[in-house]
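Colleague: Got coords_33.cif for you, mmCIF, C-alpha atoms and all ligand atoms:
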```cif
data_my_file
#
loop_
_atom_site.label_atom_id
_atom_site.label_comp_id
_atom_site.auth_asym_id
_atom_site.auth_seq_id
_atom_site.Cartn_x
_atom_site.Cartn_y
_atom_site.Cartn_z
CA MET G 1 97.31 96.60 78.84
CA SER G 2 95.90 94.97 81.93
CA ARG G 3 96.27 95.89 85.59
CA ALA G 4 99.82 95.41 86.87
CA TYR G 5 101.03 94.23 90.28
CA ASN G 6 101.07 97.37 92.41
CA PHE G 7 103.58 97.40 95.28
CA ALA G 8 102.70 100.93 96.45
CA ALA G 9 102.99 101.72 100.16
CA GLY G 10 99.74 103.66 100.38
CA PRO G 11 97.48 104.54 98.76
CA ALA G 12 97.96 100.92 97.86
CA ALA G 13 96.45 98.19 95.72
CA LEU G 14 92.80 97.41 96.36
CA PRO G 15 91.30 93.96 95.78
CA GLU G 16 90.12 93.74 92.19
CA PRO G 17 86.68 92.30 93.10
CA VAL G 18 86.13 95.35 95.31
CA LEU G 19 86.97 97.74 92.49
CA ARG G 20 84.66 95.85 90.15
CA GLN G 21 81.79 95.96 92.63
CA ALA G 22 82.34 99.67 93.25
CA GLN G 23 82.37 100.21 89.50
CA ALA G 24 79.13 98.28 89.04
CA GLU G 25 77.45 100.22 91.86
CA LEU G 26 78.86 103.65 91.09
CA LEU G 27 75.86 105.08 89.25
CA GLU G 28 73.14 103.58 91.40
CA TRP G 29 73.55 101.95 94.79
CA GLY G 30 70.89 99.32 95.58
CA ASP G 31 67.51 100.88 95.02
CA ALA G 32 68.66 104.38 96.03
CA ARG G 33 68.44 105.56 92.38
CA ALA G 34 71.58 107.57 93.03
CA SER G 35 75.22 106.88 93.75
CA ILE G 36 76.27 106.12 97.31
CA ALA G 37 78.62 109.09 96.82
CA GLU G 38 75.64 111.36 96.19
CA ILE G 39 73.30 110.55 99.06
CA SER G 40 73.07 111.86 102.58
CA HIS G 41 75.19 110.19 105.22
CA ARG G 42 71.98 110.15 107.30
CA SER G 43 69.92 108.42 104.62
CA PRO G 44 68.70 104.92 105.51
CA GLU G 45 70.81 103.54 102.64
CA PHE G 46 74.09 104.99 103.89
CA MET G 47 73.27 104.25 107.53
CA ARG G 48 72.94 100.61 106.49
CA VAL G 49 76.28 100.66 104.66
CA ALA G 50 77.95 102.30 107.68
CA ALA G 51 76.48 99.89 110.21
CA GLU G 52 77.38 96.86 108.09
CA ALA G 53 80.96 98.10 107.70
CA GLU G 54 81.31 98.45 111.46
CA ALA G 55 79.76 95.04 112.12
CA ASP G 56 82.01 93.42 109.51
CA LEU G 57 85.14 95.05 110.94
CA ARG G 58 84.12 93.94 114.43
CA ARG G 59 83.78 90.38 113.15
CA LEU G 60 87.01 90.51 111.14
CA LEU G 61 89.10 91.71 114.10
CA SER G 62 87.02 90.14 116.90
CA ILE G 63 86.60 93.55 118.51
CA PRO G 64 85.08 93.26 122.00
CA ASP G 65 81.88 95.16 122.79
CA ASP G 66 83.57 97.39 125.32
CA TYR G 67 85.48 99.01 122.46
CA ALA G 68 84.07 101.78 120.26
CA VAL G 69 84.90 101.76 116.56
CA LEU G 70 85.19 105.14 114.85
CA PHE G 71 85.44 105.96 111.15
CA LEU G 72 87.12 109.36 110.92
CA ALA G 73 88.68 111.72 108.43
CA GLY G 74 92.09 113.29 108.98
CA GLY G 75 94.37 110.32 108.45
CA ALA G 76 96.56 108.52 110.93
CA THR G 77 98.63 111.64 111.59
CA THR G 78 95.61 113.49 112.97
CA GLN G 79 94.92 110.59 115.35
CA GLN G 80 98.52 110.83 116.52
CA ALA G 81 97.75 114.36 117.76
CA LEU G 82 94.26 113.54 119.02
CA VAL G 83 95.39 110.76 121.32
CA ALA G 84 97.30 113.30 123.40
CA LEU G 85 94.44 115.80 123.41
CA ASN G 86 91.91 113.18 124.45
CA PHE G 87 93.78 111.00 126.89
CA ALA G 88 96.60 112.99 128.53
CA ALA G 89 96.23 115.85 130.98
CA PRO G 90 98.18 118.98 129.97
CA GLY G 91 101.88 118.30 130.55
CA GLN G 92 101.29 114.71 131.68
CA ALA G 93 103.92 112.18 130.66
CA ALA G 94 103.27 109.99 127.63
CA ASP G 95 105.68 107.22 126.63
CA TYR G 96 106.78 106.59 123.05
CA VAL G 97 108.70 103.69 121.62
CA VAL G 98 110.20 104.95 118.38
CA SER G 99 110.92 102.08 116.01
CA GLY G 100 111.04 104.07 112.77
CA HIS G 101 109.98 107.15 110.86
CA TRP G 102 106.29 106.96 111.83
CA GLY G 103 107.06 106.65 115.51
CA LYS G 104 109.04 109.87 115.17
CA VAL G 105 106.12 111.54 113.43
CA ALA G 106 103.77 110.37 116.19
CA LEU G 107 106.05 111.93 118.77
CA LYS G 108 106.23 115.20 116.85
CA GLN G 109 102.43 115.54 116.92
CA VAL G 110 102.23 115.57 120.72
CA GLN G 111 105.23 117.53 121.92
CA ALA G 112 103.15 120.69 122.41
CA TYR G 113 100.65 118.87 124.62
CA VAL G 114 102.42 116.30 126.77
CA ASP G 115 105.69 115.53 128.42
CA ALA G 116 106.71 113.15 125.67
CA ASN G 117 109.16 110.55 126.86
CA VAL G 118 111.11 108.45 124.39
CA ALA G 119 111.04 105.16 126.26
CA ALA G 120 113.16 103.51 123.59
CA SER G 121 114.39 104.31 120.10
CA GLY G 122 116.03 102.34 117.35
CA GLU G 123 117.29 105.49 115.62
CA ALA G 124 120.96 105.20 116.66
CA ASP G 125 120.98 101.85 114.86
CA GLY G 126 119.28 103.24 111.74
CA PHE G 127 115.96 101.67 112.82
CA ARG G 128 117.18 98.20 111.89
CA ASP G 129 116.03 96.70 115.17
CA ILE G 130 113.65 97.33 118.08
CA PRO G 131 115.25 97.67 121.53
CA PRO G 132 114.15 94.82 123.82
CA ALA G 133 111.27 95.67 126.13
CA SER G 134 113.49 95.00 129.15
CA GLN G 135 115.44 98.16 128.20
CA TRP G 136 112.46 100.49 127.80
CA ARG G 137 112.49 103.43 130.20
CA LEU G 138 108.82 103.85 131.04
CA SER G 139 107.49 106.86 132.99
CA LYS G 140 105.82 106.40 136.32
CA ASP G 141 102.44 107.91 135.56
CA ALA G 142 102.24 107.95 131.79
CA ALA G 143 98.90 108.70 130.16
CA TYR G 144 99.64 105.89 127.70
CA LEU G 145 102.42 104.02 125.94
CA HIS G 146 102.51 104.46 122.15
CA VAL G 147 104.06 101.98 119.72
CA THR G 148 104.04 101.63 115.94
CA ALA G 149 103.08 98.05 115.19
CA ASN G 150 104.65 98.17 111.74
CA GLU G 151 107.01 100.82 110.40
CA THR G 152 106.00 101.31 106.78
CA ILE G 153 109.27 102.94 105.65
CA HIS G 154 111.89 101.11 107.70
CA GLY G 155 110.22 97.70 107.36
CA VAL G 156 110.34 96.97 111.08
CA GLU G 157 107.45 95.15 112.74
CA PHE G 158 106.81 93.87 116.25
CA ARG G 159 106.82 90.09 115.77
CA PRO G 160 106.29 87.25 118.25
CA GLU G 161 109.94 86.23 117.67
CA TRP G 162 110.97 89.61 119.12
CA GLY G 163 109.08 88.88 122.34
CA ALA G 164 106.07 90.17 124.18
CA LEU G 165 105.16 93.80 124.74
CA PRO G 166 105.71 94.74 128.39
CA GLU G 167 102.92 94.57 130.93
CA THR G 168 101.99 98.21 131.47
CA GLY G 169 99.47 97.80 134.27
CA ASP G 170 97.05 100.71 134.31
CA VAL G 171 98.88 102.51 131.49
CA PRO G 172 97.00 101.72 128.30
CA LEU G 173 98.90 100.64 125.22
CA PHE G 174 98.16 102.70 122.09
CA ALA G 175 99.26 101.33 118.72
CA ASP G 176 99.52 102.65 115.21
CA PHE G 177 98.46 99.70 113.06
CA SER G 178 98.16 101.73 109.84
CA SER G 179 100.24 99.38 107.73
CA SER G 180 99.53 95.98 109.26
CA ILE G 181 95.97 95.91 110.59
CA ALA G 182 93.92 92.87 109.55
CA SER G 183 97.00 91.02 108.31
CA GLU G 184 96.83 88.57 111.22
CA PRO G 185 94.68 87.98 114.31
CA LEU G 186 94.84 90.83 116.82
CA ASP G 187 94.07 90.60 120.53
CA VAL G 188 92.35 93.99 120.79
CA SER G 189 91.90 93.59 124.54
CA LYS G 190 95.67 94.12 125.01
CA PHE G 191 95.31 97.68 123.71
CA GLY G 192 93.64 100.83 124.97
CA LEU G 193 93.50 102.21 121.46
CA VAL G 194 94.38 101.04 117.97
CA TYR G 195 94.29 103.31 114.94
CA ALA G 196 94.91 102.76 111.25
CA GLY G 197 94.65 104.88 108.16
CA ALA G 198 92.71 102.78 105.67
CA GLN G 199 94.93 103.27 102.64
CA LYS G 200 97.12 100.20 103.09
CA ASN G 201 95.18 97.20 104.32
CA LEU G 202 91.62 98.46 104.77
CA GLY G 203 90.62 100.43 101.71
CA PRO G 204 91.06 103.86 100.16
CA VAL G 205 92.79 106.87 101.68
CA GLY G 206 90.44 109.34 103.37
CA VAL G 207 89.06 107.30 106.24
CA THR G 208 90.84 106.21 109.41
CA VAL G 209 89.67 103.53 111.80
CA VAL G 210 90.03 104.13 115.54
CA ILE G 211 89.28 101.30 117.97
CA VAL G 212 89.17 102.58 121.53
CA ARG G 213 88.27 101.09 124.90
CA ARG G 214 85.12 102.88 125.99
CA ASP G 215 86.18 103.64 129.56
CA LEU G 216 89.09 105.71 128.23
CA LEU G 217 86.60 108.05 126.57
CA GLU G 218 85.74 109.31 130.04
CA ARG G 219 89.19 110.84 130.51
CA ALA G 220 89.16 114.63 130.55
CA GLY G 221 92.22 115.10 128.35
CA GLN G 222 92.97 118.68 127.36
CA PRO G 223 90.94 121.71 126.31
CA ARG G 224 89.91 121.04 122.72
CA ALA G 225 87.24 121.73 120.14
CA ASP G 226 84.34 119.29 120.11
CA ILE G 227 85.37 118.05 116.65
CA PHE G 228 88.63 116.80 118.24
CA ASN G 229 86.74 114.89 120.91
CA TYR G 230 86.66 111.11 120.42
CA ALA G 231 83.81 110.75 122.91
CA SER G 232 81.66 113.08 120.81
CA HIS G 233 82.47 111.12 117.66
CA ALA G 234 81.61 107.87 119.43
CA LYS G 235 78.32 109.27 120.72
CA ALA G 236 77.42 110.50 117.22
CA GLY G 237 78.27 107.18 115.54
CA SER G 238 81.14 108.87 113.67
CA MET G 239 78.65 111.33 112.19
CA LEU G 240 79.48 114.38 114.25
CA ASN G 241 80.05 116.08 110.92
CA THR G 242 79.83 114.72 107.37
CA PRO G 243 81.94 111.56 107.41
CA PRO G 244 84.04 110.44 104.42
CA SER G 245 81.10 108.37 103.29
CA TYR G 246 82.36 107.03 99.97
CA ASN G 247 85.63 105.94 101.57
CA TRP G 248 83.73 104.32 104.43
CA TYR G 249 81.61 102.43 101.87
CA LEU G 250 84.71 101.25 99.95
CA ALA G 251 86.39 100.14 103.18
CA GLY G 252 83.20 98.21 103.95
CA LEU G 253 83.55 96.37 100.65
CA VAL G 254 87.15 95.49 101.54
CA PHE G 255 86.00 94.14 104.94
CA LYS G 256 83.47 91.90 103.21
CA TRP G 257 86.13 90.72 100.76
CA MET G 258 88.55 89.89 103.59
CA LEU G 259 85.86 87.95 105.47
CA ALA G 260 84.93 86.01 102.32
CA GLU G 261 88.59 85.16 101.66
CA GLY G 262 88.90 83.53 105.07
CA GLY G 263 89.50 86.44 107.45
CA VAL G 264 92.65 87.38 109.30
CA VAL G 265 93.78 83.79 109.84
CA GLU G 266 93.97 83.33 106.07
CA PHE G 267 95.69 86.71 105.57
CA ALA G 268 98.25 85.79 108.23
CA ARG G 269 99.00 82.64 106.24
CA ARG G 270 99.30 84.52 102.95
CA SER G 271 101.38 87.30 104.52
CA ALA G 272 103.82 84.79 105.98
CA GLU G 273 104.17 83.08 102.60
CA LYS G 274 104.67 86.35 100.72
CA ALA G 275 107.24 87.61 103.22
CA ARG G 276 109.09 84.28 103.18
CA LEU G 277 109.29 84.34 99.36
CA LEU G 278 110.57 87.89 99.19
CA TYR G 279 113.13 87.70 102.00
CA ALA G 280 114.37 84.40 100.53
CA ALA G 281 114.88 86.15 97.17
CA ILE G 282 116.88 88.89 98.92
CA ASP G 283 118.90 86.69 101.28
CA GLY G 284 119.59 84.11 98.57
CA SER G 285 121.08 86.65 96.17
CA GLY G 286 124.62 86.42 97.52
CA GLY G 287 124.57 90.09 98.49
CA PHE G 288 123.27 91.44 95.16
CA TYR G 289 120.17 92.51 97.14
CA ARG G 290 120.20 93.21 100.85
CA ASN G 291 117.73 93.95 103.64
CA GLU G 292 119.38 95.12 106.84
CA VAL G 293 116.57 94.63 109.36
CA ALA G 294 117.14 92.20 112.25
CA SER G 295 115.47 88.94 111.28
CA ASN G 296 113.16 88.82 114.32
CA VAL G 297 111.53 92.18 113.48
CA ARG G 298 111.41 92.05 109.69
CA SER G 299 108.11 93.40 108.45
CA ARG G 300 105.70 91.09 106.68
CA MET G 301 104.09 94.09 104.97
CA ASN G 302 106.83 96.44 103.78
CA VAL G 303 110.13 95.05 102.55
CA PRO G 304 112.80 97.68 101.90
CA PHE G 305 115.93 96.47 100.15
CA PHE G 306 119.01 97.81 98.42
CA LEU G 307 121.03 96.76 95.42
CA GLN G 308 124.71 96.15 96.10
CA ASP G 309 125.47 98.56 93.29
CA ASP G 310 123.13 101.50 93.87
CA ALA G 311 123.86 102.73 90.33
CA LEU G 312 121.65 99.84 89.13
CA THR G 313 118.63 100.90 91.21
CA ALA G 314 117.17 103.20 88.55
CA ALA G 315 117.42 100.47 85.90
CA PHE G 316 115.92 97.94 88.29
CA LEU G 317 112.91 100.18 88.92
CA ALA G 318 112.42 101.04 85.24
CA GLU G 319 112.67 97.43 84.09
CA ALA G 320 110.41 96.24 86.91
CA LYS G 321 107.79 98.71 85.74
CA GLU G 322 108.15 97.43 82.18
CA ALA G 323 107.57 93.93 83.58
CA GLY G 324 104.33 95.04 85.24
CA LEU G 325 105.70 95.50 88.77
CA LEU G 326 104.75 99.00 89.87
CA ALA G 327 105.72 101.47 92.58
CA LEU G 328 108.83 99.74 93.90
CA LYS G 329 110.83 102.93 94.48
CA GLY G 330 112.01 103.18 98.08
CA HIS G 331 110.77 106.00 100.31
CA ARG G 332 112.93 109.11 99.99
CA VAL G 333 114.06 108.72 103.61
CA LEU G 334 115.84 105.44 102.77
CA GLY G 335 116.19 105.26 98.98
CA GLY G 336 116.66 101.88 97.37
CA VAL G 337 113.66 99.66 96.71
CA ARG G 338 110.57 98.91 98.77
CA ALA G 339 107.90 96.33 98.09
CA SER G 340 104.66 96.75 100.02
CA ILE G 341 102.77 93.49 100.11
CA TYR G 342 99.50 94.15 101.89
CA ASN G 343 96.43 91.91 101.90
CA ALA G 344 95.37 92.87 98.37
CA MET G 345 98.70 91.72 96.89
CA PRO G 346 98.33 88.12 95.74
CA VAL G 347 101.10 85.58 96.34
CA GLU G 348 101.52 85.41 92.54
CA GLY G 349 102.51 89.10 92.54
CA VAL G 350 105.33 88.41 94.98
CA ARG G 351 106.37 85.36 92.97
CA ALA G 352 106.53 87.56 89.87
CA LEU G 353 108.70 90.07 91.74
CA ALA G 354 111.04 87.37 93.09
CA GLY G 355 111.33 85.95 89.55
CA PHE G 356 112.12 89.38 88.14
CA MET G 357 114.76 89.99 90.83
CA HIS G 358 116.47 86.73 89.97
CA GLU G 359 116.37 87.41 86.27
CA PHE G 360 117.66 91.00 86.72
CA GLN G 361 120.58 89.69 88.74
CA GLN G 362 121.41 87.12 86.04
CA ARG G 363 121.59 89.88 83.46
CA ARG G 364 123.25 92.61 85.52
CA GLY G 365 125.02 90.81 88.33
N1 LIG G 401 101.55 105.74 110.49
C1 LIG G 401 102.03 104.83 109.62
C2 LIG G 401 102.56 103.54 110.14
C3 LIG G 401 102.00 105.11 108.25
O1 LIG G 401 102.48 104.22 107.38
C4 LIG G 401 101.47 106.34 107.79
C5 LIG G 401 101.38 106.69 106.32
N2 LIG G 401 102.19 106.06 105.46
C6 LIG G 401 101.01 107.25 108.74
C7 LIG G 401 101.04 106.92 110.07
C8 LIG G 401 100.46 108.59 108.32
O2 LIG G 401 99.21 108.36 107.75
P1 LIG G 401 98.34 109.51 107.09
O3 LIG G 401 99.07 109.92 105.85
O4 LIG G 401 97.05 108.79 106.82
O5 LIG G 401 98.20 110.62 108.06
#
```
As structure tokens - that is how I would like this structure written.
Ligand code: PMP

Modeller:
Amino acid sequence: MSRAYNFAAGPAALPEPVLRQAQAELLEWGDARASIAEISHRSPEFMRVAAEAEADLRRLLSIPDDYAVLFLAGGATTQQALVALNFAAPGQAADYVVSGHWGKVALKQVQAYVDANVAASGEADGFRDIPPASQWRLSKDAAYLHVTANETIHGVEFRPEWGALPETGDVPLFADFSSSIASEPLDVSKFGLVYAGAQKNLGPVGVTVVIVRRDLLERAGQPRADIFNYASHAKAGSMLNTPPSYNWYLAGLVFKWMLAEGGVVEFARRSAEKARLLYAAIDGSGGFYRNEVASNVRSRMNVPFFLQDDALTAAFLAEAKEAGLLALKGHRVLGGVRASIYNAMPVEGVRALAGFMHEFQQRRG
């Protein structure tokens, strides 16, 4: 049997050419006569891989020079705690817009350190919409404003149709881009800090990218161990301790693949097409399938949906798997079905899913 279409939310599908290259290089990388997984992170070979990955990511996302790029372990959740430790004084206010499960998790990580203010939340509405920016209750002297660019479970994403993020003056905007980074052009200069776990759009789990405006690294923050200090990581080129070198290497291969495919402009085009296909399949089903997210904030990356008759969900998932469409089970928080359609998912995969949905409805509807 061949590889199936994998709709997992993360760890998620990787581009097949990347897996093939990693396979070909696994025993011996270049002329190192050893695997890249076996050599020192300070060896000239790995230093080259690391520097190329950073340069490629900078090119891919047009990251300005006054931003540092870090490759860290610990996942996105660890960054959610570290932002408070690094950038807020003890007890200082920090504003959070909670647009889904991951916004709530972000908030939970900082409550011991800051005066966390929920500036807006979509929870009362089941996270089906994002409150308009005009209604956000921002603090006077917040250390930062935190948003989740794309909510991986609730399928809610800040889109241009929703409107613009508010002007926050001297308060830097921090954004969790774990599940949508590199899926369209990003104006990094609008943000003080952007972070993303790699395991959705950038590569394998185990490495997290942090993009941070360098002047912010001068903030005192809170008492913390050196290993929790972004400035120390930046100074050490993300090699303060042993970095997740194999994951960093694999992410680097994904960056090269994305650049070769046409970069973020091309992935924005593909993402729009995939999302259009899938939402059309849902909305055109006469209610057999339904997605409840407001149309102006529907995620292009994660599409949760429900069957009208929930008793059919188990059969839907089992038959989809038989048809080569994997990992469509909804997150336990929501149930139902969820299709994650990150950069590595080809348009044909989404077409196959839409075709299966139609055919399942014909048989069971
Ligand atoms: N933020 C978002 C938007 C996520 O989707 C996830 C993971 N699914 C996380 C944070 C947590 O990431 P990690 O498991 O890497 O800590």

Colleague: Please identify every residue of chain G that has at least one atom no farther than 7 Å from an atom of ligand LIG 401 (chain G), counting all atoms listed in the file, and for each give the shortest atom pair and the distance in Å to one decimal, arranged by chain then increasing number, as a tab-separated table.

Modeller:
```
residue	atom	partner	partner_atom	distance
G:Ala9	CA	G:LIG401	N2	6.9
G:Gly10	CA	G:LIG401	N2	6.1
G:Gly74	CA	G:LIG401	O5	6.7
G:Gly75	CA	G:LIG401	O4	3.5
G:Ala76	CA	G:LIG401	O5	3.9
G:Thr77	CA	G:LIG401	O5	3.7
G:Thr78	CA	G:LIG401	O5	6.2
G:Trp102	CA	G:LIG401	N1	5.1
G:Thr148	CA	G:LIG401	C2	6.3
G:Asn150	CA	G:LIG401	C2	6.0
G:Glu151	CA	G:LIG401	C2	5.2
G:Thr152	CA	G:LIG401	O1	4.6
G:Asp176	CA	G:LIG401	C2	6.0
G:Phe177	CA	G:LIG401	C2	6.3
G:Ser178	CA	G:LIG401	C2	4.8
G:Ser179	CA	G:LIG401	C2	5.3
G:Gly197	CA	G:LIG401	O4	4.8
G:Val205	CA	G:LIG401	O4	6.9
```

Colleague: Can you list, as a JSON list (two decimals) with C-alpha atoms, keeping the file's coordinate frame, every protein, DNA or RNA residue that comes within 7 Å of Asn117 (chain G) when you count only C-alpha atoms, leaving out same-chain residues fewer than 3 positions away?

Modeller:
```
[["chain", "number", "residue", "atom", "x", "y", "z"],
["G", 93, "ALA", "CA", 103.92, 112.18, 130.66],
["G", 94, "ALA", "CA", 103.27, 109.99, 127.63],
["G", 95, "ASP", "CA", 105.68, 107.22, 126.63],
["G", 96, "TYR", "CA", 106.78, 106.59, 123.05]]
```

Colleague: Identify the residues within 7 Å of coordinate (101.0, 117.0, 122.7) (same frame as the file), considering all atoms listed in the file, and give the answer as a compact mmCIF listing (two decimals) with C-alpha atoms, in the coordinates of the input.

Modeller:
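Contents of the output file part-v1.txt:
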```txt
# COMPACT_ATOMS: atom_id res chain seq x y z
CA ALA G 81 97.75 114.36 117.76
CA ALA G 84 97.30 113.30 123.40
CA LEU G 85 94.44 115.80 123.41
CA GLN G 109 102.43 115.54 116.92
CA VAL G 110 102.23 115.57 120.72
CA GLN G 111 105.23 117.53 121.92
CA ALA G 112 103.15 120.69 122.41
CA TYR G 113 100.65 118.87 124.62
CA VAL G 114 102.42 116.30 126.77
```

Colleague: Using only C-alpha atoms, which protein or nucleic acid residues come within 10 Å of region 46-55 of chain G? Drop anything in the same chain fewer than 6 positions from it, and give the result as a list in words.

Modeller: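 Here the qualifying residues turn out to be Trp29, Ala32, Ile36, Ala37, Ile39, Ser40, Ser62, Ile63, Ala68, Val69, Leu70, Phe71, Val209, Gly237, Ser238, Ser245, Tyr246, Trp248, Tyr249, Leu250, Ala251, Gly252, Leu253, Val254, Phe255 and Lys256 of chain G.
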
Colleague: Quick one: pull the distance between CA of Met301 (chain G) and CA of Phe174 (chain G), Å, one decimal.

Modeller: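 If I compute the distance from CA of Met301 (chain G) to CA of Phe174 (chain G), I get 20.1 Å.
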
Colleague: For region 202-286 of chain G against region 186-192 of chain G, with a cut-off of 10 Å and counting all atoms listed in the file, what is the closest atom pair and its distance in Å to one decimal for every residue that makes the cut, ordered by chain and number, as JSON lines?

Modeller:
```
{"residue": "G:Ile211", "atom": "CA", "partner": "G:Gly192", "partner_atom": "CA", "distance": 8.3}
{"residue": "G:Val212", "atom": "CA", "partner": "G:Gly192", "partner_atom": "CA", "distance": 5.9}
{"residue": "G:Arg213", "atom": "CA", "partner": "G:Gly192", "partner_atom": "CA", "distance": 5.4}
{"residue": "G:Arg214", "atom": "CA", "partner": "G:Gly192", "partner_atom": "CA", "distance": 8.8}
{"residue": "G:Asp215", "atom": "CA", "partner": "G:Gly192", "partner_atom": "CA", "distance": 9.2}
{"residue": "G:Leu216", "atom": "CA", "partner": "G:Gly192", "partner_atom": "CA", "distance": 7.4}
{"residue": "G:Val264", "atom": "CA", "partner": "G:Leu186", "partner_atom": "CA", "distance": 8.6}
{"residue": "G:Val265", "atom": "CA", "partner": "G:Leu186", "partner_atom": "CA", "distance": 10.0}
```

Colleague: Please list as an MDAnalysis selection string every residue within 6 Å of Ala198 (chain G), counting all atoms listed in the file and excluding residues in the same chain fewer than 6 positions away.

Modeller: chainID G and resid 204:205 207:208

Colleague: Mind giving me the straight-line distance from CA of Gly365 (chain G) to CA of His154 (chain G) in Å, one decimal?

Modeller: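 Interatomic distance, CA of Gly365 (chain G) to CA of His154 (chain G): 25.6 Å.
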